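J.: Next up, upload-v9.tsv (TSV, N, CA and C atoms).
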chain	number	residue	atom	x	y	z
U	6	PHE	N	90.21	109.05	99.68
U	6	PHE	CA	91.03	109.13	100.88
U	6	PHE	C	90.29	109.81	102.02
U	7	PHE	N	89.64	110.93	101.72
U	7	PHE	CA	89.00	111.69	102.79
U	7	PHE	C	87.86	110.91	103.45
U	8	PHE	N	87.06	110.20	102.65
U	8	PHE	CA	85.99	109.40	103.23
U	8	PHE	C	86.54	108.22	104.01
U	9	SER	N	87.59	107.62	103.52
U	9	SER	CA	88.22	106.50	104.24
U	9	SER	C	88.82	106.97	105.55
U	10	SER	N	89.44	108.15	105.55
U	10	SER	CA	90.03	108.65	106.79
U	10	SER	C	88.93	108.93	107.82
U	11	ARG	N	87.79	109.42	107.36
U	11	ARG	CA	86.67	109.67	108.29
U	11	ARG	C	86.19	108.37	108.90
U	12	ARG	N	86.06	107.32	108.07
U	12	ARG	CA	85.65	106.02	108.60
U	12	ARG	C	86.67	105.49	109.59
U	13	ARG	N	87.94	105.65	109.29
U	13	ARG	CA	89.00	105.14	110.17
U	13	ARG	C	89.08	105.94	111.46
U	14	HIS	N	88.69	107.22	111.43
U	14	HIS	CA	88.67	108.01	112.66
U	14	HIS	C	87.74	107.34	113.68
U	15	THR	N	86.73	106.64	113.21
U	15	THR	CA	85.76	106.05	114.11
U	15	THR	C	86.16	104.67	114.61
U	16	ARG	N	87.36	104.19	114.26
U	16	ARG	CA	87.77	102.85	114.67
U	16	ARG	C	88.63	102.82	115.93
U	17	CYS	N	88.66	103.89	116.69
U	17	CYS	CA	89.39	103.86	117.96
U	17	CYS	C	88.74	102.82	118.86
U	18	ARG	N	89.53	102.06	119.57
U	18	ARG	CA	88.98	100.97	120.37
U	18	ARG	C	88.70	101.38	121.81
U	19	GLU	N	89.47	102.31	122.35
U	19	GLU	CA	89.45	102.51	123.78
U	19	GLU	C	88.14	103.08	124.34
U	20	VAL	N	87.76	104.29	123.93
U	20	VAL	CA	86.61	104.94	124.53
U	20	VAL	C	85.79	105.68	123.48
U	21	SER	N	84.46	105.53	123.58
U	21	SER	CA	83.60	106.09	122.55
U	21	SER	C	83.58	107.62	122.57
U	22	TRP	N	83.64	108.26	123.75
U	22	TRP	CA	83.61	109.73	123.79
U	22	TRP	C	84.84	110.31	123.11
U	23	ALA	N	85.98	109.66	123.25
U	23	ALA	CA	87.19	110.16	122.59
U	23	ALA	C	87.07	110.01	121.08
U	24	ARG	N	86.47	108.92	120.64
U	24	ARG	CA	86.28	108.67	119.21
U	24	ARG	C	85.44	109.78	118.60
U	25	ARG	N	84.32	110.10	119.23
U	25	ARG	CA	83.46	111.17	118.72
U	25	ARG	C	84.17	112.51	118.77
U	26	CYS	N	84.86	112.75	119.86
U	26	CYS	CA	85.56	114.02	120.05
U	26	CYS	C	86.63	114.23	118.97
U	27	VAL	N	87.42	113.20	118.69
U	27	VAL	CA	88.48	113.32	117.69
U	27	VAL	C	87.89	113.54	116.31
U	28	GLN	N	86.83	112.81	115.98
U	28	GLN	CA	86.21	112.97	114.66
U	28	GLN	C	85.65	114.37	114.51
U	29	GLU	N	84.97	114.87	115.53
U	29	GLU	CA	84.41	116.21	115.46
U	29	GLU	C	85.53	117.26	115.44
U	30	THR	N	86.59	117.04	116.18
U	30	THR	CA	87.71	117.97	116.19
U	30	THR	C	88.36	118.05	114.82
U	31	ALA	N	88.53	116.93	114.15
U	31	ALA	CA	89.12	116.94	112.81
U	31	ALA	C	88.27	117.78	111.86
U	32	ALA	N	86.96	117.63	111.94
U	32	ALA	CA	86.07	118.42	111.08
U	32	ALA	C	86.16	119.91	111.44
U	33	ASP	N	86.21	120.21	112.73
U	33	ASP	CA	86.33	121.61	113.17
U	33	ASP	C	87.64	122.23	112.70
U	34	ILE	N	88.73	121.50	112.85
U	34	ILE	CA	90.04	122.01	112.45
U	34	ILE	C	90.08	122.22	110.94
U	35	LEU	N	89.52	121.26	110.19
U	35	LEU	CA	89.47	121.39	108.73
U	35	LEU	C	88.67	122.64	108.33
U	36	GLN	N	87.52	122.84	108.95
U	36	GLN	CA	86.70	124.00	108.63
U	36	GLN	C	87.43	125.30	108.98
U	37	PHE	N	88.09	125.34	110.14
U	37	PHE	CA	88.83	126.53	110.55
U	37	PHE	C	89.96	126.82	109.56
U	38	CYS	N	90.70	125.79	109.17
U	38	CYS	CA	91.81	125.98	108.23
U	38	CYS	C	91.30	126.49	106.88
U	39	HIS	N	90.19	125.93	106.42
U	39	HIS	CA	89.58	126.39	105.16
U	39	HIS	C	89.19	127.86	105.28
U	40	PHE	N	88.59	128.21	106.41
U	40	PHE	CA	88.20	129.60	106.64
U	40	PHE	C	89.42	130.52	106.62
U	41	MET	N	90.48	130.12	107.33
U	41	MET	CA	91.69	130.95	107.39
U	41	MET	C	92.34	131.10	106.02
U	42	LEU	N	92.32	130.05	105.24
U	42	LEU	CA	92.89	130.12	103.89
U	42	LEU	C	92.15	131.12	103.03
U	43	ASN	N	90.84	131.07	103.09
U	43	ASN	CA	90.02	131.86	102.16
U	43	ASN	C	89.55	133.20	102.75
U	44	LYS	N	88.74	133.16	103.76
U	44	LYS	CA	88.21	134.40	104.35
U	44	LYS	C	89.26	135.14	105.17
U	45	GLY	N	90.16	134.38	105.77
U	45	GLY	CA	91.21	135.00	106.58
U	45	GLY	C	92.37	135.53	105.75
U	46	GLY	N	92.40	135.19	104.49
U	46	GLY	CA	93.41	135.72	103.59
U	46	GLY	C	94.76	135.02	103.62
U	47	LEU	N	94.85	133.90	104.31
U	47	LEU	CA	96.13	133.21	104.43
U	47	LEU	C	96.68	132.76	103.08
U	48	LYS	N	95.81	132.21	102.25
U	48	LYS	CA	96.26	131.72	100.94
U	48	LYS	C	96.86	132.86	100.11
U	49	LYS	N	96.22	133.99	100.12
U	49	LYS	CA	96.70	135.13	99.33
U	49	LYS	C	97.92	135.77	99.98
U	50	ASP	N	97.84	136.05	101.28
U	50	ASP	CA	98.92	136.74	101.98
U	50	ASP	C	100.22	135.95	101.98
U	51	ALA	N	100.11	134.62	102.15
U	51	ALA	CA	101.31	133.78	102.19
U	51	ALA	C	101.69	133.26	100.81
U	52	GLN	N	100.88	133.61	99.81
U	52	GLN	CA	101.11	133.18	98.43
U	52	GLN	C	101.31	131.65	98.36
U	53	LEU	N	100.33	130.95	98.91
U	53	LEU	CA	100.40	129.49	98.96
U	53	LEU	C	100.05	128.87	97.62
U	54	SER	N	100.81	127.86	97.24
U	54	SER	CA	100.52	127.11	96.01
U	54	SER	C	99.38	126.13	96.27
U	55	LYS	N	98.88	125.50	95.22
U	55	LYS	CA	97.86	124.47	95.38
U	55	LYS	C	98.36	123.32	96.23
U	56	LEU	N	99.63	122.98	96.07
U	56	LEU	CA	100.22	121.91	96.87
U	56	LEU	C	100.30	122.31	98.34
U	57	ASP	N	100.66	123.56	98.62
U	57	ASP	CA	100.69	124.06	100.00
U	57	ASP	C	99.31	123.95	100.63
U	58	VAL	N	98.29	124.37	99.90
U	58	VAL	CA	96.92	124.34	100.40
U	58	VAL	C	96.49	122.89	100.66
U	59	ALA	N	96.79	122.00	99.73
U	59	ALA	CA	96.43	120.59	99.91
U	59	ALA	C	97.13	120.00	101.13
U	60	ALA	N	98.40	120.31	101.33
U	60	ALA	CA	99.14	119.81	102.49
U	60	ALA	C	98.56	120.36	103.79
U	61	PHE	N	98.20	121.63	103.77
U	61	PHE	CA	97.61	122.28	104.95
U	61	PHE	C	96.29	121.63	105.33
U	62	LEU	N	95.42	121.40	104.35
U	62	LEU	CA	94.12	120.80	104.62
U	62	LEU	C	94.25	119.32	105.01
U	63	LEU	N	95.17	118.61	104.37
U	63	LEU	CA	95.40	117.20	104.74
U	63	LEU	C	95.90	117.11	106.19
U	64	SER	N	96.79	118.00	106.57
U	64	SER	CA	97.29	117.96	107.95
U	64	SER	C	96.18	118.25	108.95
U	65	ALA	N	95.22	119.09	108.57
U	65	ALA	CA	94.08	119.36	109.46
U	65	ALA	C	93.25	118.10	109.67
U	66	ILE	N	93.09	117.32	108.62
U	66	ILE	CA	92.28	116.10	108.71
U	66	ILE	C	92.95	115.03	109.56
U	67	VAL	N	94.26	114.88	109.42
U	67	VAL	CA	94.94	113.74	110.05
U	67	VAL	C	95.70	114.10	111.32
U	68	HIS	N	95.57	115.33	111.80
U	68	HIS	CA	96.40	115.75	112.93
U	68	HIS	C	96.19	114.88	114.18
U	69	ASP	N	95.04	114.30	114.37
U	69	ASP	CA	94.79	113.39	115.50
U	69	ASP	C	94.19	112.07	115.02
U	70	PHE	N	94.60	111.64	113.85
U	70	PHE	CA	94.02	110.45	113.22
U	70	PHE	C	94.15	109.21	114.11
U	71	ARG	N	93.04	108.55	114.36
U	71	ARG	CA	92.94	107.33	115.18
U	71	ARG	C	93.46	107.53	116.61
U	72	HIS	N	93.27	108.71	117.14
U	72	HIS	CA	93.72	109.03	118.50
U	72	HIS	C	93.10	108.05	119.50
U	73	PRO	N	93.90	107.44	120.35
U	73	PRO	CA	93.38	106.44	121.28
U	73	PRO	C	92.72	107.03	122.53
U	74	GLY	N	92.81	108.35	122.74
U	74	GLY	CA	92.14	108.95	123.88
U	74	GLY	C	93.03	109.14	125.10
U	75	PHE	N	94.33	108.97	124.96
U	75	PHE	CA	95.27	109.16	126.06
U	75	PHE	C	96.31	110.20	125.66
U	76	THR	N	96.99	110.75	126.66
U	76	THR	CA	98.07	111.69	126.39
U	76	THR	C	99.39	110.94	126.23
U	77	ASN	N	100.39	111.63	125.68
U	77	ASN	CA	101.72	111.04	125.58
U	77	ASN	C	102.24	110.66	126.97
U	78	GLY	N	102.05	111.55	127.94
U	78	GLY	CA	102.53	111.28	129.30
U	78	GLY	C	101.91	110.03	129.90
U	79	PHE	N	100.60	109.87	129.72
U	79	PHE	CA	99.93	108.68	130.24
U	79	PHE	C	100.48	107.43	129.57
U	80	MET	N	100.68	107.50	128.27
U	80	MET	CA	101.18	106.33	127.54
U	80	MET	C	102.59	105.96	128.00
U	81	GLN	N	103.43	106.96	128.24
U	81	GLN	CA	104.78	106.69	128.74
U	81	GLN	C	104.72	106.05	130.11
U	82	ASN	N	103.96	106.66	131.01
U	82	ASN	CA	103.92	106.20	132.40
U	82	ASN	C	103.26	104.84	132.57
U	83	SER	N	102.35	104.49	131.66
U	83	SER	CA	101.66	103.21	131.78
U	83	SER	C	102.33	102.10	130.97
U	84	GLY	N	103.38	102.45	130.24
U	84	GLY	CA	104.07	101.44	129.43
U	84	GLY	C	103.22	100.97	128.27
U	85	HIS	N	102.40	101.84	127.75
U	85	HIS	CA	101.52	101.51	126.63
U	85	HIS	C	102.34	100.98	125.45
U	86	GLU	N	101.76	100.07	124.68
U	86	GLU	CA	102.48	99.46	123.55
U	86	GLU	C	102.97	100.50	122.54
U	87	LEU	N	102.22	101.60	122.36
U	87	LEU	CA	102.68	102.64	121.43
U	87	LEU	C	103.90	103.39	121.99
U	88	ALA	N	103.95	103.57	123.31
U	88	ALA	CA	105.12	104.21	123.92
U	88	ALA	C	106.36	103.35	123.69
U	89	LEU	N	106.20	102.06	123.79
U	89	LEU	CA	107.32	101.15	123.54
U	89	LEU	C	107.71	101.17	122.07
U	90	LEU	N	106.72	101.17	121.20
U	90	LEU	CA	106.98	101.17	119.76
U	90	LEU	C	107.75	102.41	119.33
U	91	TYR	N	107.36	103.56	119.87
U	91	TYR	CA	107.98	104.82	119.45
U	91	TYR	C	109.02	105.33	120.45
U	92	ASN	N	109.46	104.46	121.34
U	92	ASN	CA	110.56	104.75	122.26
U	92	ASN	C	110.30	106.03	123.06
U	93	ASP	N	109.05	106.23	123.49
U	93	ASP	CA	108.65	107.38	124.29
U	93	ASP	C	108.90	108.73	123.62
U	94	GLN	N	109.09	108.75	122.32
U	94	GLN	CA	109.37	109.99	121.59
U	94	GLN	C	108.17	110.39	120.74
U	95	SER	N	107.51	111.48	121.10
U	95	SER	CA	106.37	112.00	120.32
U	95	SER	C	105.44	110.86	119.92
U	96	ILE	N	104.99	110.13	120.90
U	96	ILE	CA	104.25	108.89	120.68
U	96	ILE	C	103.03	109.10	119.79
U	97	LEU	N	102.16	110.00	120.19
U	97	LEU	CA	100.93	110.20	119.42
U	97	LEU	C	101.19	110.81	118.05
U	98	GLU	N	102.13	111.71	117.98
U	98	GLU	CA	102.45	112.34	116.70
U	98	GLU	C	102.97	111.29	115.71
U	99	ASN	N	103.85	110.41	116.18
U	99	ASN	CA	104.35	109.32	115.33
U	99	ASN	C	103.22	108.37	114.95
U	100	PHE	N	102.35	108.08	115.90
U	100	PHE	CA	101.24	107.17	115.64
U	100	PHE	C	100.29	107.75	114.60
U	101	HIS	N	99.92	109.03	114.74
U	101	HIS	CA	98.97	109.64	113.80
U	101	HIS	C	99.51	109.61	112.37
U	102	ILE	N	100.77	109.97	112.20
U	102	ILE	CA	101.31	110.01	110.84
U	102	ILE	C	101.53	108.60	110.30
U	103	ALA	N	101.92	107.66	111.15
U	103	ALA	CA	102.10	106.28	110.69
U	103	ALA	C	100.76	105.69	110.24
U	104	GLU	N	99.71	105.94	111.00
U	104	GLU	CA	98.39	105.45	110.62
U	104	GLU	C	97.90	106.13	109.34
U	105	THR	N	98.22	107.39	109.17
U	105	THR	CA	97.84	108.10	107.95
U	105	THR	C	98.51	107.45	106.74
U	106	PHE	N	99.81	107.21	106.82
U	106	PHE	CA	100.51	106.58	105.70
U	106	PHE	C	100.05	105.15	105.49
U	107	ARG	N	99.68	104.45	106.57
U	107	ARG	CA	99.15	103.09	106.42
U	107	ARG	C	97.85	103.14	105.60
U	108	LEU	N	96.99	104.10	105.89
U	108	LEU	CA	95.75	104.25	105.13
U	108	LEU	C	96.04	104.63	103.69
U	109	ILE	N	96.95	105.57	103.49
U	109	ILE	CA	97.26	106.02	102.13
U	109	ILE	C	97.77	104.87	101.27
U	110	TYR	N	98.68	104.09	101.80
U	110	TYR	CA	99.31	103.04	100.99
U	110	TYR	C	98.55	101.73	100.98
U	111	ASN	N	97.73	101.46	101.98
U	111	ASN	CA	97.03	100.17	102.04
U	111	ASN	C	95.54	100.27	101.81
U	112	GLY	N	94.97	101.46	101.92
U	112	GLY	CA	93.53	101.61	101.75
U	112	GLY	C	93.14	101.56	100.28
U	113	LYS	N	91.96	101.04	100.03
U	113	LYS	CA	91.47	100.96	98.65
U	113	LYS	C	91.23	102.37	98.11
U	114	ASP	N	91.85	102.69	97.01
U	114	ASP	CA	91.71	103.99	96.35
U	114	ASP	C	92.09	105.17	97.26
U	115	CYS	N	93.05	104.97	98.14
U	115	CYS	CA	93.44	106.03	99.07
U	115	CYS	C	94.81	106.62	98.80
U	116	ASN	N	95.55	106.08	97.85
U	116	ASN	CA	96.90	106.57	97.63
U	116	ASN	C	96.85	107.91	96.88
U	117	ILE	N	96.85	108.97	97.65
U	117	ILE	CA	96.75	110.31	97.08
U	117	ILE	C	98.03	110.74	96.38
U	118	PHE	N	99.08	109.92	96.49
U	118	PHE	CA	100.34	110.23	95.82
U	118	PHE	C	100.42	109.67	94.42
U	119	GLN	N	99.45	108.84	94.05
U	119	GLN	CA	99.37	108.32	92.69
U	119	GLN	C	98.58	109.29	91.84
U	120	LYS	N	98.89	109.34	90.55
U	120	LYS	CA	98.17	110.26	89.67
U	120	LYS	C	96.74	109.81	89.38
U	121	ASN	N	96.53	108.54	89.14
U	121	ASN	CA	95.22	108.06	88.67
U	121	ASN	C	94.51	107.25	89.72
U	122	VAL	N	94.12	107.89	90.79
U	122	VAL	CA	93.35	107.22	91.84
U	122	VAL	C	91.88	107.36	91.48
U	123	SER	N	91.19	106.24	91.42
U	123	SER	CA	89.76	106.30	91.10
U	123	SER	C	88.97	106.61	92.35
U	124	GLY	N	87.73	106.96	92.17
U	124	GLY	CA	86.87	107.19	93.32
U	124	GLY	C	86.48	108.57	93.38
What is this file in structure tokens?
T.:
Amino acid sequence: FFFSSRRRHTRCREVSWARRCVQETAADILQFCHFMLNKGGLKKDAQLSKLDVAAFLLSAIVHDFRHPGFTNGFMQNSGHELALLYNDQSILENFHIAETFRLIYNGKDCNIFQKNVSG
């Protein structure tokens, strides 16, 4: 799943600088979250379970998954197809999570909710 999500981060169509920026930001956020969990003491202080930690790190990876390089406001004002799809409500947030679940359920060996995923 993680390698597939990295490849999919690079499939933004609109602008190449945004594509690189989002991919690098995902890696930075993941590294920061890992640091906070371990060196920052978050895992111990908050008594996080393994599932909590996995959810936290997964959210760091997909928080801007396949970001098109525009803001919610721009998408609303320009009548972007995603604004219409999500009825102008948390457009990018809905898009990121929808694309994440699309990858999880349709990607080869990406369904992290199954017990026996190979790879």
J.: How many Å separate atom C of Ser64 in chain U from atom C of His101 in chain U?
T.: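 So the two atoms, atom C of Ser64 in chain U and atom C of His101 in chain U, lie 9.9 Å apart.
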J.: Between U:Ala88, U:Leu35, U:Ile96, U:Val67, which has the minimum distance to Leu108 in chain U (counting only C-alpha atoms)?
T.: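 Ranked by minimum distance to Leu108 in chain U, first place goes to U:Val67.
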J.: What is the CA of Ile102 in chain U to CA of Ala65 in chain U distance in Å?
T.: 11.9 Å
J.: Figure out the distance between atom C of Arg107 in chain U and atom N of Gly84 in chain U, please, to one decimal in Å.
T.: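 Between atom N of Gly84 in chain U and atom C of Arg107 in chain U the gap works out to 25.3 Å.
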J.: Nearest to Thr105 in chain U among U:Ala51, U:Ile66, U:Val58, U:Ala31, with distances taken over only C-alpha atoms: which residue is it?
T.: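 Of the candidates, the smallest distance to Thr105 in chain U is held by U:Ile66.
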J.: I need the residue nearest Ile117 in chain U from this list: U:Lys48, U:Lys55, U:Phe37, U:Leu63. Use only C-alpha atoms for the distance.
T.: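 The closest residue to Ile117 in chain U is U:Leu63.
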J.: Listed atoms of range 35-48 of chain U, axis-aligned box, 3 Å per side: centre and edge lengths to one decimal in Å, as JSON?
T.:
{"center_x": 91.8, "center_y": 128.5, "center_z": 105.3, "size_x": 16.2, "size_y": 20.5, "size_z": 16.4}
J.: Apply DSSP to the backbone of this structure and, from range 13-118 of chain U, keep only the residues in alpha helix (DSSP H); write these as a ChimeraX atom specification.
T.: /U:13-14,21-43,47-50,55-67,77-83,86-90,96-111
J.: Is it possible to add all heavy atoms to range 107-118 of chain U and hand it back as a PDB file, in the frame of the given file?
T.:
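Result file is selection_27.pdb:
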ATOM      1  N   ARG U 107      99.680 104.450 106.570  1.00  0.00           N
ATOM      2  CA  ARG U 107      99.150 103.090 106.420  1.00  0.00           C
ATOM      3  C   ARG U 107      97.850 103.140 105.600  1.00  0.00           C
ATOM      4  O   ARG U 107      97.647 102.324 104.701  1.00  0.00           O
ATOM      5  CB  ARG U 107      98.908 102.464 107.792  1.00  0.00           C
ATOM      6  CG  ARG U 107      98.444 101.016 107.727  1.00  0.00           C
ATOM      7  CD  ARG U 107      98.389 100.363 109.102  1.00  0.00           C
ATOM      8  NE  ARG U 107      99.753 100.070 109.531  1.00  0.00           N
ATOM      9  CZ  ARG U 107     100.327 100.598 110.613  1.00  0.00           C
ATOM     10  NH1 ARG U 107      99.661 101.421 111.394  1.00  0.00           N
ATOM     11  NH2 ARG U 107     101.568 100.295 110.934  1.00  0.00           N
ATOM     12  N   LEU U 108      96.990 104.100 105.890  1.00  0.00           N
ATOM     13  CA  LEU U 108      95.750 104.250 105.130  1.00  0.00           C
ATOM     14  C   LEU U 108      96.040 104.630 103.690  1.00  0.00           C
ATOM     15  O   LEU U 108      95.470 104.057 102.758  1.00  0.00           O
ATOM     16  CB  LEU U 108      94.860 105.310 105.772  1.00  0.00           C
ATOM     17  CG  LEU U 108      93.606 105.694 104.992  1.00  0.00           C
ATOM     18  CD1 LEU U 108      92.677 104.491 104.837  1.00  0.00           C
ATOM     19  CD2 LEU U 108      92.894 106.843 105.669  1.00  0.00           C
ATOM     20  N   ILE U 109      96.950 105.570 103.490  1.00  0.00           N
ATOM     21  CA  ILE U 109      97.260 106.020 102.130  1.00  0.00           C
ATOM     22  C   ILE U 109      97.770 104.870 101.270  1.00  0.00           C
ATOM     23  O   ILE U 109      97.330 104.694 100.134  1.00  0.00           O
ATOM     24  CB  ILE U 109      98.288 107.173 102.166  1.00  0.00           C
ATOM     25  CG1 ILE U 109      97.610 108.442 102.680  1.00  0.00           C
ATOM     26  CG2 ILE U 109      98.896 107.415 100.790  1.00  0.00           C
ATOM     27  CD1 ILE U 109      98.564 109.584 102.971  1.00  0.00           C
ATOM     28  N   TYR U 110      98.680 104.090 101.800  1.00  0.00           N
ATOM     29  CA  TYR U 110      99.310 103.040 100.990  1.00  0.00           C
ATOM     30  C   TYR U 110      98.550 101.730 100.980  1.00  0.00           C
ATOM     31  O   TYR U 110      98.683 100.956 100.031  1.00  0.00           O
ATOM     32  CB  TYR U 110     100.751 102.823 101.443  1.00  0.00           C
ATOM     33  CG  TYR U 110     101.634 103.973 101.060  1.00  0.00           C
ATOM     34  CD1 TYR U 110     102.267 104.731 102.023  1.00  0.00           C
ATOM     35  CD2 TYR U 110     101.797 104.337  99.728  1.00  0.00           C
ATOM     36  CE1 TYR U 110     103.071 105.810 101.671  1.00  0.00           C
ATOM     37  CE2 TYR U 110     102.587 105.419  99.364  1.00  0.00           C
ATOM     38  CZ  TYR U 110     103.217 106.144 100.337  1.00  0.00           C
ATOM     39  OH  TYR U 110     103.997 107.218  99.982  1.00  0.00           O
ATOM     40  N   ASN U 111      97.730 101.460 101.980  1.00  0.00           N
ATOM     41  CA  ASN U 111      97.030 100.170 102.040  1.00  0.00           C
ATOM     42  C   ASN U 111      95.540 100.270 101.810  1.00  0.00           C
ATOM     43  O   ASN U 111      94.886  99.259 101.573  1.00  0.00           O
ATOM     44  CB  ASN U 111      97.289  99.492 103.393  1.00  0.00           C
ATOM     45  CG  ASN U 111      98.745  99.178 103.605  1.00  0.00           C
ATOM     46  OD1 ASN U 111      99.480  98.940 102.663  1.00  0.00           O
ATOM     47  ND2 ASN U 111      99.174  99.206 104.856  1.00  0.00           N
ATOM     48  N   GLY U 112      94.970 101.460 101.920  1.00  0.00           N
ATOM     49  CA  GLY U 112      93.530 101.610 101.750  1.00  0.00           C
ATOM     50  C   GLY U 112      93.140 101.560 100.280  1.00  0.00           C
ATOM     51  O   GLY U 112      93.888 101.998  99.408  1.00  0.00           O
ATOM     52  N   LYS U 113      91.960 101.040 100.030  1.00  0.00           N
ATOM     53  CA  LYS U 113      91.470 100.960  98.650  1.00  0.00           C
ATOM     54  C   LYS U 113      91.230 102.370  98.110  1.00  0.00           C
ATOM     55  O   LYS U 113      90.502 103.151  98.706  1.00  0.00           O
ATOM     56  CB  LYS U 113      90.167 100.160  98.619  1.00  0.00           C
ATOM     57  CG  LYS U 113      89.606  99.958  97.221  1.00  0.00           C
ATOM     58  CD  LYS U 113      88.343  99.110  97.275  1.00  0.00           C
ATOM     59  CE  LYS U 113      87.799  98.767  95.937  1.00  0.00           C
ATOM     60  NZ  LYS U 113      87.696  99.799  94.962  1.00  0.00           N
ATOM     61  N   ASP U 114      91.850 102.690  97.010  1.00  0.00           N
ATOM     62  CA  ASP U 114      91.710 103.990  96.350  1.00  0.00           C
ATOM     63  C   ASP U 114      92.090 105.170  97.260  1.00  0.00           C
ATOM     64  O   ASP U 114      91.509 106.245  97.160  1.00  0.00           O
ATOM     65  CB  ASP U 114      90.284 104.195  95.839  1.00  0.00           C
ATOM     66  CG  ASP U 114      89.932 103.247  94.718  1.00  0.00           C
ATOM     67  OD1 ASP U 114      90.845 102.891  93.954  1.00  0.00           O
ATOM     68  OD2 ASP U 114      88.760 102.875  94.611  1.00  0.00           O
ATOM     69  N   CYS U 115      93.050 104.970  98.140  1.00  0.00           N
ATOM     70  CA  CYS U 115      93.440 106.030  99.070  1.00  0.00           C
ATOM     71  C   CYS U 115      94.810 106.620  98.800  1.00  0.00           C
ATOM     72  O   CYS U 115      95.203 107.560  99.471  1.00  0.00           O
ATOM     73  CB  CYS U 115      93.410 105.494 100.510  1.00  0.00           C
ATOM     74  SG  CYS U 115      91.766 105.152 101.107  1.00  0.00           S
ATOM     75  N   ASN U 116      95.550 106.080  97.850  1.00  0.00           N
ATOM     76  CA  ASN U 116      96.900 106.570  97.630  1.00  0.00           C
ATOM     77  C   ASN U 116      96.850 107.910  96.880  1.00  0.00           C
ATOM     78  O   ASN U 116      96.828 107.956  95.654  1.00  0.00           O
ATOM     79  CB  ASN U 116      97.751 105.561  96.873  1.00  0.00           C
ATOM     80  CG  ASN U 116      99.217 105.928  96.915  1.00  0.00           C
ATOM     81  OD1 ASN U 116      99.562 107.092  97.093  1.00  0.00           O
ATOM     82  ND2 ASN U 116     100.065 104.943  96.760  1.00  0.00           N
ATOM     83  N   ILE U 117      96.850 108.970  97.650  1.00  0.00           N
ATOM     84  CA  ILE U 117      96.750 110.310  97.080  1.00  0.00           C
ATOM     85  C   ILE U 117      98.030 110.740  96.380  1.00  0.00           C
ATOM     86  O   ILE U 117      98.075 111.791  95.755  1.00  0.00           O
ATOM     87  CB  ILE U 117      96.366 111.337  98.150  1.00  0.00           C
ATOM     88  CG1 ILE U 117      97.403 111.352  99.281  1.00  0.00           C
ATOM     89  CG2 ILE U 117      94.975 111.066  98.681  1.00  0.00           C
ATOM     90  CD1 ILE U 117      97.188 112.421 100.311  1.00  0.00           C
ATOM     91  N   PHE U 118      99.080 109.920  96.490  1.00  0.00           N
ATOM     92  CA  PHE U 118     100.340 110.230  95.820  1.00  0.00           C
ATOM     93  C   PHE U 118     100.420 109.670  94.420  1.00  0.00           C
ATOM     94  O   PHE U 118     101.328 109.976  93.680  1.00  0.00           O
ATOM     95  CB  PHE U 118     101.527 109.749  96.659  1.00  0.00           C
ATOM     96  CG  PHE U 118     101.531 110.351  98.037  1.00  0.00           C
ATOM     97  CD1 PHE U 118     101.459 109.554  99.162  1.00  0.00           C
ATOM     98  CD2 PHE U 118     101.597 111.728  98.212  1.00  0.00           C
ATOM     99  CE1 PHE U 118     101.453 110.111 100.414  1.00  0.00           C
ATOM    100  CE2 PHE U 118     101.599 112.293  99.472  1.00  0.00           C
ATOM    101  CZ  PHE U 118     101.516 111.474 100.583  1.00  0.00           C
TER     102      PHE U 118
END
